[in-house]
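The data block below is entry_29.cif; it holds mmCIF, C-alpha atoms.
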data_target
#
loop_
_atom_site.label_atom_id
_atom_site.label_comp_id
_atom_site.auth_asym_id
_atom_site.auth_seq_id
_atom_site.Cartn_x
_atom_site.Cartn_y
_atom_site.Cartn_z
CA MET A 42 9.89 -1.26 0.03
CA THR A 43 10.66 -4.58 -1.63
CA SER A 44 12.20 -7.53 0.21
CA ILE A 45 14.93 -9.71 -1.27
CA ARG A 46 13.83 -12.54 1.03
CA LEU A 47 10.25 -12.41 -0.23
CA ARG A 48 11.38 -12.22 -3.86
CA LEU A 49 13.62 -15.26 -3.43
CA LEU A 50 10.93 -17.21 -1.60
CA LYS A 51 8.36 -16.34 -4.26
CA TRP A 52 10.57 -17.47 -7.13
CA LEU A 53 11.73 -20.60 -5.32
CA LEU A 54 8.59 -21.79 -3.55
CA GLY A 55 6.24 -21.15 -6.50
CA PRO A 56 7.97 -23.60 -8.89
CA ILE A 57 8.53 -26.07 -6.04
CA LEU A 58 4.83 -26.14 -5.14
CA LEU A 59 3.86 -26.48 -8.81
CA LEU A 60 6.37 -29.31 -9.26
CA ASN A 61 4.98 -31.03 -6.17
CA LEU A 62 1.48 -30.93 -7.65
CA VAL A 63 2.72 -32.42 -10.91
CA LEU A 64 4.66 -35.11 -9.09
CA ALA A 65 1.65 -35.85 -6.91
CA GLY A 66 -0.44 -36.39 -10.05
CA LEU A 67 2.18 -38.72 -11.51
CA VAL A 68 2.48 -40.70 -8.28
CA TYR A 69 -1.28 -41.01 -8.10
CA ALA A 70 -1.40 -42.29 -11.68
CA LEU A 71 1.43 -44.73 -11.02
CA ALA A 72 -0.28 -46.07 -7.89
CA TRP A 73 -3.89 -46.12 -9.08
CA THR A 74 -3.37 -47.52 -12.59
CA PRO A 75 -1.78 -50.83 -11.43
CA ALA A 76 -4.53 -51.18 -8.84
CA GLN A 77 -7.16 -50.73 -11.56
CA VAL A 78 -5.40 -53.28 -13.73
CA ALA A 79 -5.23 -55.74 -10.82
CA PHE A 80 -8.96 -55.36 -10.07
CA ASP A 81 -9.83 -55.76 -13.76
CA GLN A 82 -7.56 -58.78 -14.02
CA GLY A 83 -9.25 -60.39 -11.02
CA LEU A 84 -12.64 -59.74 -12.59
CA ALA A 85 -11.42 -61.22 -15.91
CA ASP A 86 -10.09 -64.30 -14.09
CA THR A 87 -13.48 -64.81 -12.47
CA ALA A 88 -15.16 -64.57 -15.90
CA ALA A 89 -12.62 -67.03 -17.36
CA THR A 90 -13.31 -69.52 -14.55
CA LEU A 91 -17.03 -69.24 -15.18
CA ALA A 92 -16.45 -69.68 -18.94
CA GLY A 93 -14.39 -72.83 -18.28
CA ARG A 94 -17.22 -74.42 -16.34
CA ILE A 95 -19.63 -73.69 -19.17
CA ARG A 96 -17.19 -75.09 -21.75
CA ASP A 97 -16.91 -78.28 -19.72
CA GLY A 98 -20.69 -78.62 -19.60
CA ALA A 99 -20.99 -77.81 -15.89
CA PRO A 100 -23.59 -75.36 -14.65
CA ALA A 101 -22.37 -71.74 -14.38
CA PHE A 102 -22.96 -71.64 -10.64
CA VAL A 103 -21.26 -68.95 -8.54
CA PRO A 104 -21.36 -70.19 -4.94
CA ALA A 105 -20.82 -66.76 -3.32
CA THR A 106 -22.20 -63.47 -4.52
CA LEU A 107 -20.21 -61.44 -1.96
CA ALA A 108 -16.47 -60.80 -2.27
CA GLY A 109 -15.31 -58.92 0.80
CA GLN A 110 -16.90 -55.48 0.59
CA ASP A 111 -18.02 -55.98 -2.99
CA ARG A 112 -20.99 -57.82 -4.47
CA LEU A 113 -20.75 -60.13 -7.53
CA TRP A 114 -23.24 -60.81 -10.32
CA TYR A 115 -22.97 -63.15 -13.32
CA VAL A 116 -24.96 -63.89 -16.43
CA VAL A 117 -24.89 -66.44 -19.29
CA ARG A 118 -26.50 -65.59 -22.62
CA ASP A 119 -26.59 -67.19 -26.01
CA ALA A 120 -25.12 -65.70 -29.14
CA ALA A 121 -28.30 -63.71 -29.80
CA GLY A 122 -28.23 -62.27 -26.27
CA ALA A 123 -31.09 -64.32 -24.84
CA HIS A 124 -30.88 -64.88 -21.11
CA LEU A 125 -29.89 -68.42 -20.09
CA GLU A 126 -28.65 -68.22 -16.52
CA GLY A 127 -27.69 -65.69 -13.80
CA SER A 128 -28.93 -62.21 -13.00
CA VAL A 129 -31.84 -61.02 -15.08
CA GLY A 130 -31.06 -57.32 -14.84
CA PHE A 131 -27.47 -57.70 -15.92
CA PRO A 132 -26.29 -54.89 -18.28
CA ALA A 133 -25.43 -55.44 -21.92
CA LEU A 134 -22.37 -57.57 -22.58
CA ARG A 135 -19.36 -56.66 -24.73
CA PRO A 136 -17.51 -59.92 -25.23
CA GLY A 137 -13.83 -59.47 -26.05
CA ALA A 138 -13.72 -55.85 -24.89
CA PRO A 139 -11.69 -54.71 -21.84
CA ALA A 140 -13.51 -54.35 -18.55
CA TYR A 141 -15.97 -51.50 -18.61
CA ASP A 142 -18.23 -49.54 -16.28
CA ALA A 143 -21.96 -50.12 -15.99
CA ALA A 144 -24.70 -50.10 -13.34
CA ILE A 145 -26.92 -52.74 -11.73
CA GLY A 146 -29.86 -51.58 -9.68
CA GLY A 147 -28.51 -48.03 -9.68
CA GLU A 148 -25.15 -49.06 -8.23
CA PRO A 149 -21.97 -48.61 -10.31
CA VAL A 150 -20.25 -51.87 -11.27
CA ARG A 151 -17.31 -53.05 -13.34
CA VAL A 152 -18.10 -55.67 -15.98
CA ALA A 153 -15.95 -58.28 -17.73
CA ALA A 154 -17.47 -60.32 -20.61
CA LEU A 155 -16.22 -63.33 -22.63
CA LEU A 156 -17.47 -65.30 -25.62
CA VAL A 157 -17.02 -69.06 -25.13
CA SER A 158 -17.70 -71.96 -27.49
CA THR A 159 -19.79 -74.84 -26.12
CA PRO A 160 -21.30 -78.03 -27.68
CA ASP A 161 -24.57 -76.16 -27.70
CA GLY A 162 -23.10 -73.18 -29.52
CA PRO A 163 -21.41 -69.93 -28.52
CA ARG A 164 -22.27 -68.44 -25.17
CA GLN A 165 -21.77 -64.96 -23.73
CA VAL A 166 -20.52 -64.96 -20.15
CA GLY A 167 -20.44 -61.80 -18.03
CA VAL A 168 -19.31 -61.04 -14.46
CA ALA A 169 -19.95 -57.74 -12.64
CA ARG A 170 -18.51 -56.44 -9.39
CA THR A 171 -19.29 -53.32 -7.38
CA LEU A 172 -16.67 -50.57 -6.97
CA ARG A 173 -16.65 -50.35 -3.18
CA GLN A 174 -13.29 -51.95 -2.64
CA ARG A 175 -11.79 -50.01 -5.54
CA LEU A 176 -12.97 -46.76 -4.02
CA GLU A 177 -11.53 -47.74 -0.65
CA VAL A 178 -8.18 -48.47 -2.24
CA ARG A 179 -8.25 -45.19 -4.13
CA SER A 180 -9.12 -43.31 -0.94
CA ALA A 181 -6.20 -44.98 0.84
CA ILE A 182 -3.87 -43.99 -2.01
CA LEU A 183 -5.09 -40.39 -1.89
CA ARG A 184 -4.72 -40.18 1.88
CA SER A 185 -1.21 -41.56 1.79
CA LEU A 186 -0.33 -39.32 -1.12
CA PHE A 187 -1.70 -36.26 0.70
CA VAL A 188 0.40 -36.99 3.78
CA LEU A 189 3.48 -37.65 1.65
CA VAL A 190 3.07 -34.50 -0.45
CA THR A 191 2.36 -32.37 2.64
CA LEU A 192 5.46 -33.63 4.44
CA ALA A 193 7.59 -33.21 1.32
CA THR A 194 6.26 -29.68 0.74
CA LEU A 195 6.81 -28.60 4.33
CA THR A 196 10.31 -30.07 4.29
CA LEU A 197 11.17 -28.29 1.05
CA VAL A 198 9.70 -25.01 2.29
CA GLY A 199 11.76 -25.30 5.48
CA LEU A 200 14.92 -26.08 3.55
CA VAL A 201 14.32 -23.20 1.15
CA TRP A 202 13.64 -20.83 4.06
CA LEU A 203 16.81 -21.92 5.85
CA SER A 204 18.82 -21.67 2.65
CA VAL A 205 17.54 -18.17 1.89
CA SER A 206 18.12 -17.05 5.48
CA ASN A 207 21.64 -18.47 5.42
CA GLY A 208 22.30 -16.82 2.07
CA LEU A 209 21.12 -13.45 3.41
CA ARG A 210 23.10 -13.76 6.64
CA PRO A 211 25.99 -11.59 5.35
CA LEU A 212 23.50 -8.78 4.76
CA ALA A 213 22.18 -9.24 8.31
CA ARG A 214 25.74 -9.05 9.66
CA ILE A 215 26.37 -5.83 7.75
CA ARG A 216 23.09 -4.37 9.01
CA ALA A 217 23.94 -5.33 12.61
CA ASP A 218 27.39 -3.79 12.23
CA LEU A 219 25.96 -0.52 10.92
CA THR A 220 23.17 -0.46 13.52
CA GLY A 221 25.62 -0.99 16.38
CA ARG A 222 27.86 1.86 15.31
CA GLY A 223 27.90 5.22 16.94
CA ALA A 224 27.00 8.45 15.20
CA GLY A 225 30.66 9.32 14.62
CA ASP A 226 31.86 5.88 13.55
CA LEU A 227 32.49 6.14 9.81
CA ALA A 228 34.96 3.26 9.52
CA PRO A 229 34.58 1.30 6.25
CA ILE A 230 32.87 -2.07 6.19
CA ALA A 231 35.32 -4.97 6.13
CA ALA A 232 35.18 -6.33 2.58
CA ASP A 233 37.09 -9.58 3.16
CA GLU A 234 34.02 -11.47 4.45
CA VAL A 235 31.53 -9.94 2.03
CA PRO A 236 30.03 -12.25 -0.64
CA TYR A 237 31.02 -11.57 -4.22
CA GLU A 238 27.47 -10.58 -5.22
CA ILE A 239 27.22 -7.65 -2.79
CA ALA A 240 30.89 -6.61 -2.93
CA PRO A 241 30.14 -3.74 -5.39
CA VAL A 242 27.42 -2.42 -3.03
CA VAL A 243 29.77 -2.54 -0.04
CA SER A 244 32.52 -0.90 -2.06
CA GLY A 245 30.20 1.93 -3.09
CA PHE A 246 28.99 2.34 0.50
CA ASN A 247 32.57 2.50 1.76
CA GLU A 248 33.32 5.22 -0.77
CA LEU A 249 30.31 7.14 0.51
CA LEU A 250 31.54 6.72 4.10
CA ASP A 251 34.93 8.07 3.05
CA LYS A 252 33.27 11.14 1.53
CA VAL A 253 31.17 11.70 4.64
CA GLU A 254 34.24 11.30 6.86
CA ALA A 255 36.17 13.76 4.70
CA GLY A 256 33.33 16.28 4.94
CA ALA A 257 33.03 15.86 8.72
CA ARG A 258 36.80 16.14 9.11
CA ALA A 259 36.86 19.31 7.05
CA GLN A 260 34.06 20.77 9.17
CA ARG A 261 35.85 19.89 12.42
CA ASP A 262 39.13 21.27 11.14
CA PHE A 263 37.44 24.49 10.07
CA MET A 264 35.79 24.90 13.47
CA ALA A 265 39.01 24.19 15.33
CA ASP A 266 41.08 26.48 13.08
CA MET A 267 38.52 29.26 13.40
CA ALA A 268 38.50 28.96 17.19
CA HIS A 269 42.29 28.95 17.36
CA GLN A 270 42.58 31.95 15.05
CA LEU A 271 40.04 33.95 17.05
CA ARG A 272 41.37 33.25 20.52
CA THR A 273 44.64 35.21 20.11
CA PRO A 274 43.22 38.48 18.77
CA LEU A 275 40.36 38.36 21.28
CA ALA A 276 42.78 37.90 24.16
CA GLY A 277 44.83 40.83 22.82
CA LEU A 278 41.69 42.94 22.54
CA GLN A 279 40.83 42.12 26.16
CA LEU A 280 44.27 43.34 27.29
CA GLN A 281 43.88 46.52 25.28
CA LEU A 282 40.48 47.21 26.81
CA GLU A 283 41.83 46.70 30.31
CA TRP A 284 44.77 49.04 29.52
CA LEU A 285 42.40 51.69 28.19
CA ALA A 286 40.17 51.33 31.25
CA ALA A 287 43.14 51.90 33.53
CA ARG A 288 44.28 54.90 31.50
CA HIS A 289 40.86 56.57 31.53
CA ALA A 290 39.93 55.71 35.09
CA GLY A 291 38.63 59.22 35.70
CA ASP A 292 36.29 59.37 32.71
CA ALA A 293 32.98 57.73 33.73
CA GLU A 294 31.48 57.77 30.23
CA THR A 295 34.57 56.18 28.72
CA LEU A 296 34.72 53.57 31.49
CA ARG A 297 31.06 52.70 30.85
CA SER A 298 31.68 52.19 27.11
CA LEU A 299 34.85 50.20 27.78
CA GLY A 300 32.95 48.05 30.30
CA LEU A 301 30.30 47.17 27.75
CA MET A 302 33.02 46.34 25.21
CA ARG A 303 34.79 44.14 27.75
CA LEU A 304 31.57 42.24 28.51
CA ALA A 305 30.95 41.69 24.81
CA ASN A 306 34.54 40.57 24.31
CA GLU A 307 34.36 38.17 27.28
CA ARG A 308 31.18 36.67 25.84
CA MET A 309 32.87 36.22 22.48
CA ILE A 310 35.91 34.62 24.13
CA ARG A 311 33.61 32.19 25.96
CA GLN A 312 31.81 31.27 22.76
CA VAL A 313 35.09 30.72 20.93
CA ASN A 314 36.35 28.51 23.76
CA GLN A 315 33.12 26.52 23.65
CA LEU A 316 33.40 26.08 19.88
CA LEU A 317 36.92 24.79 20.39
CA ALA A 318 35.71 22.42 23.11
CA LEU A 319 32.91 21.20 20.85
CA ALA A 320 35.43 20.56 18.08
CA ARG A 321 37.61 18.57 20.48
CA ALA A 322 34.60 16.59 21.73
CA ARG A 323 33.70 15.50 18.22
CA GLN A 324 37.19 15.08 16.82
CA GLY A 325 38.45 11.64 15.91
CA GLN A 326 37.02 8.30 16.98
CA PRO A 327 35.50 8.04 20.47
CA GLY A 328 37.85 6.47 22.99
CA ALA A 329 40.90 6.71 20.73
CA ALA A 330 43.00 8.91 23.10
CA HIS A 331 41.74 7.67 26.46
CA GLU A 332 44.24 7.26 29.30
CA ALA A 333 44.12 6.43 32.98
CA LEU A 334 43.42 9.52 35.09
CA ASP A 335 41.61 10.76 38.22
CA LEU A 336 38.53 12.91 37.67
CA ALA A 337 38.84 14.42 41.17
CA SER A 338 42.32 15.69 40.29
CA LEU A 339 40.97 17.42 37.18
CA VAL A 340 38.40 19.20 39.37
CA GLN A 341 41.06 20.20 41.92
CA ASP A 342 43.13 21.81 39.17
CA ALA A 343 40.27 24.25 38.48
CA ILE A 344 39.07 24.81 42.08
CA GLN A 345 40.77 28.18 42.44
CA TYR A 346 39.08 29.58 39.33
CA PHE A 347 35.68 28.22 40.38
CA VAL A 348 36.04 29.67 43.89
CA GLU A 349 36.99 33.11 42.57
CA GLU A 350 34.13 33.09 40.05
CA ALA A 351 31.64 32.01 42.72
CA ALA A 352 32.86 34.74 45.09
CA ARG A 353 32.49 37.35 42.35
CA ARG A 354 28.89 36.26 41.83
CA GLY A 355 28.09 35.96 45.55
CA ILE A 356 27.53 32.19 45.44
CA ASP A 357 28.58 29.63 48.03
CA ILE A 358 30.45 26.80 46.26
CA GLY A 359 31.43 23.52 47.88
CA PHE A 360 33.34 20.44 46.78
CA GLU A 361 32.95 16.77 47.69
CA LEU A 362 35.94 15.10 46.08
CA ALA A 363 37.22 11.55 46.47
CA PRO A 364 39.49 9.43 44.27
CA ALA A 365 37.63 8.77 41.01
CA PRO A 366 39.85 6.75 38.66
CA LEU A 367 38.73 6.18 35.08
CA ARG A 368 40.01 6.12 31.53
CA GLY A 369 39.33 9.14 29.36
CA ASP A 370 40.61 12.16 27.51
CA ALA A 371 41.87 14.78 29.99
CA PHE A 372 41.13 17.78 27.74
CA GLN A 373 37.58 16.64 27.01
CA LEU A 374 36.83 15.81 30.65
CA ARG A 375 38.17 19.20 31.75
CA ASP A 376 35.80 20.81 29.24
CA LEU A 377 32.96 18.75 30.67
CA VAL A 378 33.74 19.87 34.23
CA ASP A 379 34.18 23.52 33.22
CA ASN A 380 30.90 23.65 31.31
CA LEU A 381 28.80 22.02 34.03
CA VAL A 382 30.22 24.15 36.85
CA ASP A 383 30.08 27.31 34.74
CA ASN A 384 26.42 26.64 33.86
CA ALA A 385 25.57 26.14 37.53
CA LEU A 386 27.28 29.42 38.50
CA ARG A 387 25.58 31.33 35.69
CA TYR A 388 22.06 30.18 36.53
CA THR A 389 22.32 30.28 40.33
CA PRO A 390 21.21 33.63 41.78
CA ARG A 391 23.31 35.61 44.24
CA GLY A 392 23.14 34.05 47.67
CA GLY A 393 22.62 30.57 46.27
CA SER A 394 24.89 27.55 46.48
CA VAL A 395 26.62 25.13 44.11
CA THR A 396 28.05 21.74 45.07
CA VAL A 397 30.55 19.82 42.90
CA ILE A 398 30.86 16.06 43.51
CA ALA A 399 33.40 13.62 42.09
CA LYS A 400 33.76 10.14 43.58
CA GLN A 401 33.74 6.45 42.85
CA GLU A 402 30.27 4.92 42.81
CA GLY A 403 30.15 1.13 42.78
CA GLU A 404 32.35 0.01 39.90
CA GLY A 405 31.97 3.33 38.08
CA VAL A 406 32.61 7.03 38.70
CA LEU A 407 30.05 9.73 39.52
CA PHE A 408 30.44 13.40 38.68
CA ALA A 409 27.59 15.66 39.75
CA VAL A 410 26.90 19.37 40.01
CA GLU A 411 24.05 20.59 42.23
CA ASP A 412 22.74 24.15 42.29
CA THR A 413 19.90 26.12 43.86
CA GLY A 414 18.96 27.93 40.67
CA PRO A 415 15.56 28.09 38.96
CA GLY A 416 15.77 24.46 37.83
CA ILE A 417 14.68 22.94 34.50
CA ALA A 418 11.14 21.77 33.81
CA PRO A 419 10.99 18.01 33.12
CA ALA A 420 9.39 18.66 29.73
CA ARG A 421 12.39 20.70 28.59
CA ARG A 422 15.25 18.60 29.98
CA ALA A 423 15.86 16.75 26.74
CA GLN A 424 15.78 20.01 24.78
CA VAL A 425 18.67 21.65 26.64
CA PHE A 426 21.13 19.12 25.22
CA GLU A 427 20.63 20.55 21.74
CA ARG A 428 23.04 23.16 20.46
CA TYR A 429 22.19 26.87 20.82
CA VAL A 430 19.22 26.18 23.13
CA ARG A 431 18.95 28.58 26.06
CA LEU A 432 16.17 28.49 28.62
CA ASP A 433 16.83 31.93 30.11
CA ASP A 434 17.38 34.92 27.82
CA LYS A 435 18.38 37.04 30.80
CA THR A 436 21.54 35.00 31.36
CA SER A 437 24.48 35.32 28.97
CA GLY A 438 25.55 32.20 27.15
CA SER A 439 25.70 30.53 23.76
CA GLY A 440 23.62 27.42 24.43
CA LEU A 441 26.58 25.12 23.70
CA GLY A 442 27.52 24.05 27.24
CA LEU A 443 25.26 21.03 27.68
CA ALA A 444 25.66 20.04 24.01
CA ILE A 445 29.40 19.80 24.67
CA VAL A 446 28.75 17.82 27.86
CA ARG A 447 26.52 15.41 25.92
CA ASP A 448 29.13 14.77 23.21
CA ILE A 449 31.96 14.28 25.71
CA ALA A 450 29.85 11.92 27.81
CA LEU A 451 28.92 9.84 24.76
CA ALA A 452 32.57 9.64 23.76
CA HIS A 453 33.37 8.20 27.21
CA GLY A 454 30.46 5.76 27.44
CA ALA A 455 28.90 7.86 30.21
CA ARG A 456 25.25 8.67 30.86
CA VAL A 457 24.06 12.19 31.57
CA ALA A 458 20.94 12.76 33.67
CA LEU A 459 19.09 15.90 34.69
CA GLU A 460 17.32 15.72 38.05
CA ASP A 461 15.82 18.01 40.66
CA GLY A 462 18.32 19.51 43.07
CA PRO A 463 18.41 18.86 46.82
CA GLY A 464 15.04 19.47 48.42
CA ALA A 465 13.39 19.58 44.97
CA ARG A 466 15.08 22.94 44.42
CA GLY A 467 17.38 23.83 41.54
CA THR A 468 19.05 21.29 39.26
CA ARG A 469 21.31 18.29 39.74
CA VAL A 470 23.31 17.18 36.70
CA THR A 471 24.91 13.74 37.03
CA VAL A 472 27.41 12.07 34.73
CA ARG A 473 27.97 8.39 35.46
CA PHE A 474 31.04 6.78 33.93
CA PRO A 475 31.42 2.99 33.69
CA ARG A 476 34.37 1.29 35.34
CA THR A 477 36.13 1.08 31.99
CA ALA A 478 34.83 4.04 30.03
CA ALA A 479 33.89 2.95 26.52
CA PRO A 480 32.10 4.76 23.70
CA ASP A 481 28.34 4.68 23.91
CA GLN A 482 25.63 6.31 21.81
CA SER A 483 22.87 6.33 24.39
CA ALA A 484 20.80 9.48 24.54
CA PRO A 485 20.99 11.55 27.73
CA GLU A 486 18.53 10.50 30.39
CA VAL A 487 16.01 13.09 31.48
#
Would you give me this structure, written as structure tokens?
Amino acid sequence: MTSIRLRLLKWLLGPILLLNLVLAGLVYALAWTPAQVAFDQGLADTAATLAGRIRDGAPAFVPATLAGQDRLWYVVRDAAGAHLEGSVGFPALRPGAPAYDAAIGGEPVRVAALLVSTPDGPRQVGVARTLRQRLEVRSAILRSLFVLVTLATLTLVGLVWLSVSNGLRPLARIRADLTGRGAGDLAPIAADEVPYEIAPVVSGFNELLDKVEAGARAQRDFMADMAHQLRTPLAGLQLQLEWLAARHAGDAETLRSLGLMRLANERMIRQVNQLLALARARQGQPGAAHEALDLASLVQDAIQYFVEEAARRGIDIGFELAPAPLRGDAFQLRDLVDNLVDNALRYTPRGGSVTVIAKQEGEGVLFAVEDTGPGIAPARRAQVFERYVRLDDKTSGSGLGLAIVRDIALAHGARVALEDGPGARGTRVTVRFPRTAAPDQSAPEV
């Protein structure tokens, strides 16, 4: 995977570093060349002074052979190059030539030579000076230049990095917006704050989101339409089966066949109702139709059905209800309550107990269902929230109940948790709603 940031930095920092090296070379040349000229000029002035003394007939005497860190030598020769005065081991002279490099006693020196006319004839005058001070000056120039180039390079690198980061900030905002969205949020990306360069990409992505939304909407509509179309004929079939059972009450074989048909039809009705609930849970944007309501009141509306179903199964059911105000969708929350209580009744054996709790907890609302059934192993608690997953093949069901609960909880910003029941027996399912229920995409806790 390539990185736009790295590509930009490579193409920006590479030329900048190369340009810095070139500029460093130019600055070094501009600083060192005048210093060289100044040293050579000082050496030439010393030679000229010595030549003036010889021209005036004075002895070519140099009172000091040390000049700061450097050492000085001089020599006077005749036109033929014979030694007249000064250092014996002085290198060959080049009168009239610019200062040049040589060596005296193995040490590098810089030499300046002049040809001067005297009453006794032409004389060659030479002055040599060691390079110690020159090297010190050059080292100082290099050190200063290194510090300057390093600071300039670091500053430019920092500015380039900040510039690239600032230029890529719109992409980071888009990424943060997409990352923070929920699974069902397919709203298009706002194009008014998008830079011109990435506007075509955003436009194409928005078109893709529209296609995905259209496909998801078609799937939801199909599921809802199918559930609606199946509910009416199935309810009619149930009535016909009950009528036939009443008419053939004396025929045991017929009653047995009709009973099996009724059980199959009831199972199909339950599955159709769950498909319809699943379609409602995933329809539209989360939180779009939320209103102020009381969760305890929704439970009270279904108490009679729960009590009758529990009595038919030989289960003791109890309710702990207190005012539990929140904002949500009444149809979806009723589906959540029905599925959790129905699951508890289905998996609790005869003689067991189920407790339904709805109350305010802190600033939020707690809904919990406890049962004394077989419980769910911790390793499989996350698995039961997937669609069509059933842990007990002996119990009828479609495996959609907890998947519906998960989707409804996410749409209300709630968190679902599976725990051990009272006394480490059975299962306790808790749904915790925030004070102001808002969409959340957190996975169920297990």
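The set of residues that the PyMOL selection byres ((chain A and resi 173-188) around 10) takes from this file is A:Ala65, A:Gly66, A:Val68, A:Tyr69, A:Ala72, A:Trp73, A:Ala76, A:Gln77, A:Phe80, A:Ala108, A:Gly109, A:Gln110, A:Asp111, A:Arg112, A:Glu148, A:Pro149, A:Val150, A:Arg170, A:Thr171, A:Leu172, A:Leu189, A:Val190, A:Thr191, A:Leu192, A:Ala193, A:Thr194.
Note that the spacing between CA of Leu227 in chain A and CA of Leu250 in chain A amounts to 5.8 Å.
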Running the PyMOL selection byres ((chain A and resi 230-232) around 12) on this model by hand, what would come out? Give it as a short mmCIF file (atom, residue, chain, number, x, y, z; two decimals) with C-alpha atoms, in the coordinates of the input.
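Writing the result to out_34.cif gives the following:
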data_model
loop_
_atom_site.label_atom_id
_atom_site.label_comp_id
_atom_site.auth_asym_id
_atom_site.auth_seq_id
_atom_site.Cartn_x
_atom_site.Cartn_y
_atom_site.Cartn_z
CA PRO A 211 25.99 -11.59 5.35
CA LEU A 212 23.50 -8.78 4.76
CA ARG A 214 25.74 -9.05 9.66
CA ILE A 215 26.37 -5.83 7.75
CA ARG A 216 23.09 -4.37 9.01
CA ALA A 217 23.94 -5.33 12.61
CA ASP A 218 27.39 -3.79 12.23
CA LEU A 219 25.96 -0.52 10.92
CA ARG A 222 27.86 1.86 15.31
CA ASP A 226 31.86 5.88 13.55
CA LEU A 227 32.49 6.14 9.81
CA ALA A 228 34.96 3.26 9.52
CA PRO A 229 34.58 1.30 6.25
CA ASP A 233 37.09 -9.58 3.16
CA GLU A 234 34.02 -11.47 4.45
CA VAL A 235 31.53 -9.94 2.03
CA PRO A 236 30.03 -12.25 -0.64
CA TYR A 237 31.02 -11.57 -4.22
CA GLU A 238 27.47 -10.58 -5.22
CA ILE A 239 27.22 -7.65 -2.79
CA ALA A 240 30.89 -6.61 -2.93
CA PRO A 241 30.14 -3.74 -5.39
CA VAL A 242 27.42 -2.42 -3.03
CA VAL A 243 29.77 -2.54 -0.04
CA SER A 244 32.52 -0.90 -2.06
CA GLY A 245 30.20 1.93 -3.09
CA PHE A 246 28.99 2.34 0.50
CA ASN A 247 32.57 2.50 1.76
CA GLU A 248 33.32 5.22 -0.77
CA LEU A 249 30.31 7.14 0.51
CA LEU A 250 31.54 6.72 4.10
CA ASP A 251 34.93 8.07 3.05
#
Please evaluate the PyMOL selection byres ((chain A and resi 385) around 9) against the structure above and give the resulting residues as a list in words.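 Expected selection for the PyMOL selection byres ((chain A and resi 385) around 9) here is Asn380, Leu381, Val382, Asp383, Asn384, Leu386, Arg387, Tyr388, Thr389, Val395, Val410, Glu411, Asp412, Thr413, Gly414 and Thr468 of chain A.
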Determine, counting only C-alpha atoms, which protein, DNA and RNA residues have an atom within 8 Å of an atom of Gly392 in chain A; residues of the same chain fewer than 4 positions away are not included. Present the result as an mmCIF file with C-alpha atoms, in the frame of the given file.
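File produced: part_35.cif:
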data_model
loop_
_atom_site.group_PDB
_atom_site.id
_atom_site.type_symbol
_atom_site.label_atom_id
_atom_site.label_comp_id
_atom_site.auth_asym_id
_atom_site.auth_seq_id
_atom_site.Cartn_x
_atom_site.Cartn_y
_atom_site.Cartn_z
ATOM 1 C CA GLY A 355 28.090 35.960 45.550
ATOM 2 C CA ILE A 356 27.530 32.190 45.440
ATOM 3 C CA ASP A 357 28.580 29.630 48.030
#
Tell me, as a ChimeraX atom specification, which residues lie within 7 Å of range 156-169 of chain A, counting all atoms listed in the file; anything in the same chain fewer than 4 positions away does not count. /A:88,92,96,113-120,134,136-137,150-152
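Closest approach to Pro274 in chain A among A:Ile417, A:Glu361, A:Asp448, A:Ile310 is made by A:Ile310 (distances from all atoms listed in the file).
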Å distance separating CA of Trp284 in chain A from CA of Leu299 in chain A, one decimal place: 10.1 Å
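Separating CA of Thr471 in chain A from CA of Glu350 in chain A is a distance of 21.6 Å.
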Show which residues sit within 8 Å of Ala450 in chain A, as a PyMOL selection string. Count all atoms listed in the file, and ignore same-chain residues fewer than 6 positions away. chain A and resi 456-457+472
Starting from the incomplete input, reconstruct N, CA, C and O atoms of range 230-235 of chain A and report them as a CSV table (one decimal), in the frame of the given file.
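The file below, selection.csv, is the result:
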chain,number,residue,atom,x,y,z
A,230,ILE,N,33.3,-0.7,5.9
A,230,ILE,CA,32.9,-2.1,6.2
A,230,ILE,C,34.0,-3.0,5.7
A,230,ILE,O,34.5,-2.9,4.6
A,231,ALA,N,34.3,-4.0,6.5
A,231,ALA,CA,35.3,-5.0,6.1
A,231,ALA,C,34.8,-5.8,4.9
A,231,ALA,O,33.8,-6.4,4.9
A,232,ALA,N,35.6,-5.7,3.8
A,232,ALA,CA,35.2,-6.3,2.6
A,232,ALA,C,35.7,-7.7,2.4
A,232,ALA,O,35.3,-8.4,1.4
A,233,ASP,N,36.5,-8.2,3.4
A,233,ASP,CA,37.1,-9.6,3.2
A,233,ASP,C,36.1,-10.7,3.4
A,233,ASP,O,36.2,-11.8,2.8
A,234,GLU,N,35.0,-10.4,4.2
A,234,GLU,CA,34.0,-11.5,4.4
A,234,GLU,C,32.7,-11.2,3.7
A,234,GLU,O,31.7,-11.8,4.0
A,235,VAL,N,32.7,-10.3,2.8
A,235,VAL,CA,31.5,-9.9,2.0
A,235,VAL,C,31.4,-10.8,0.8
A,235,VAL,O,32.4,-11.1,0.1
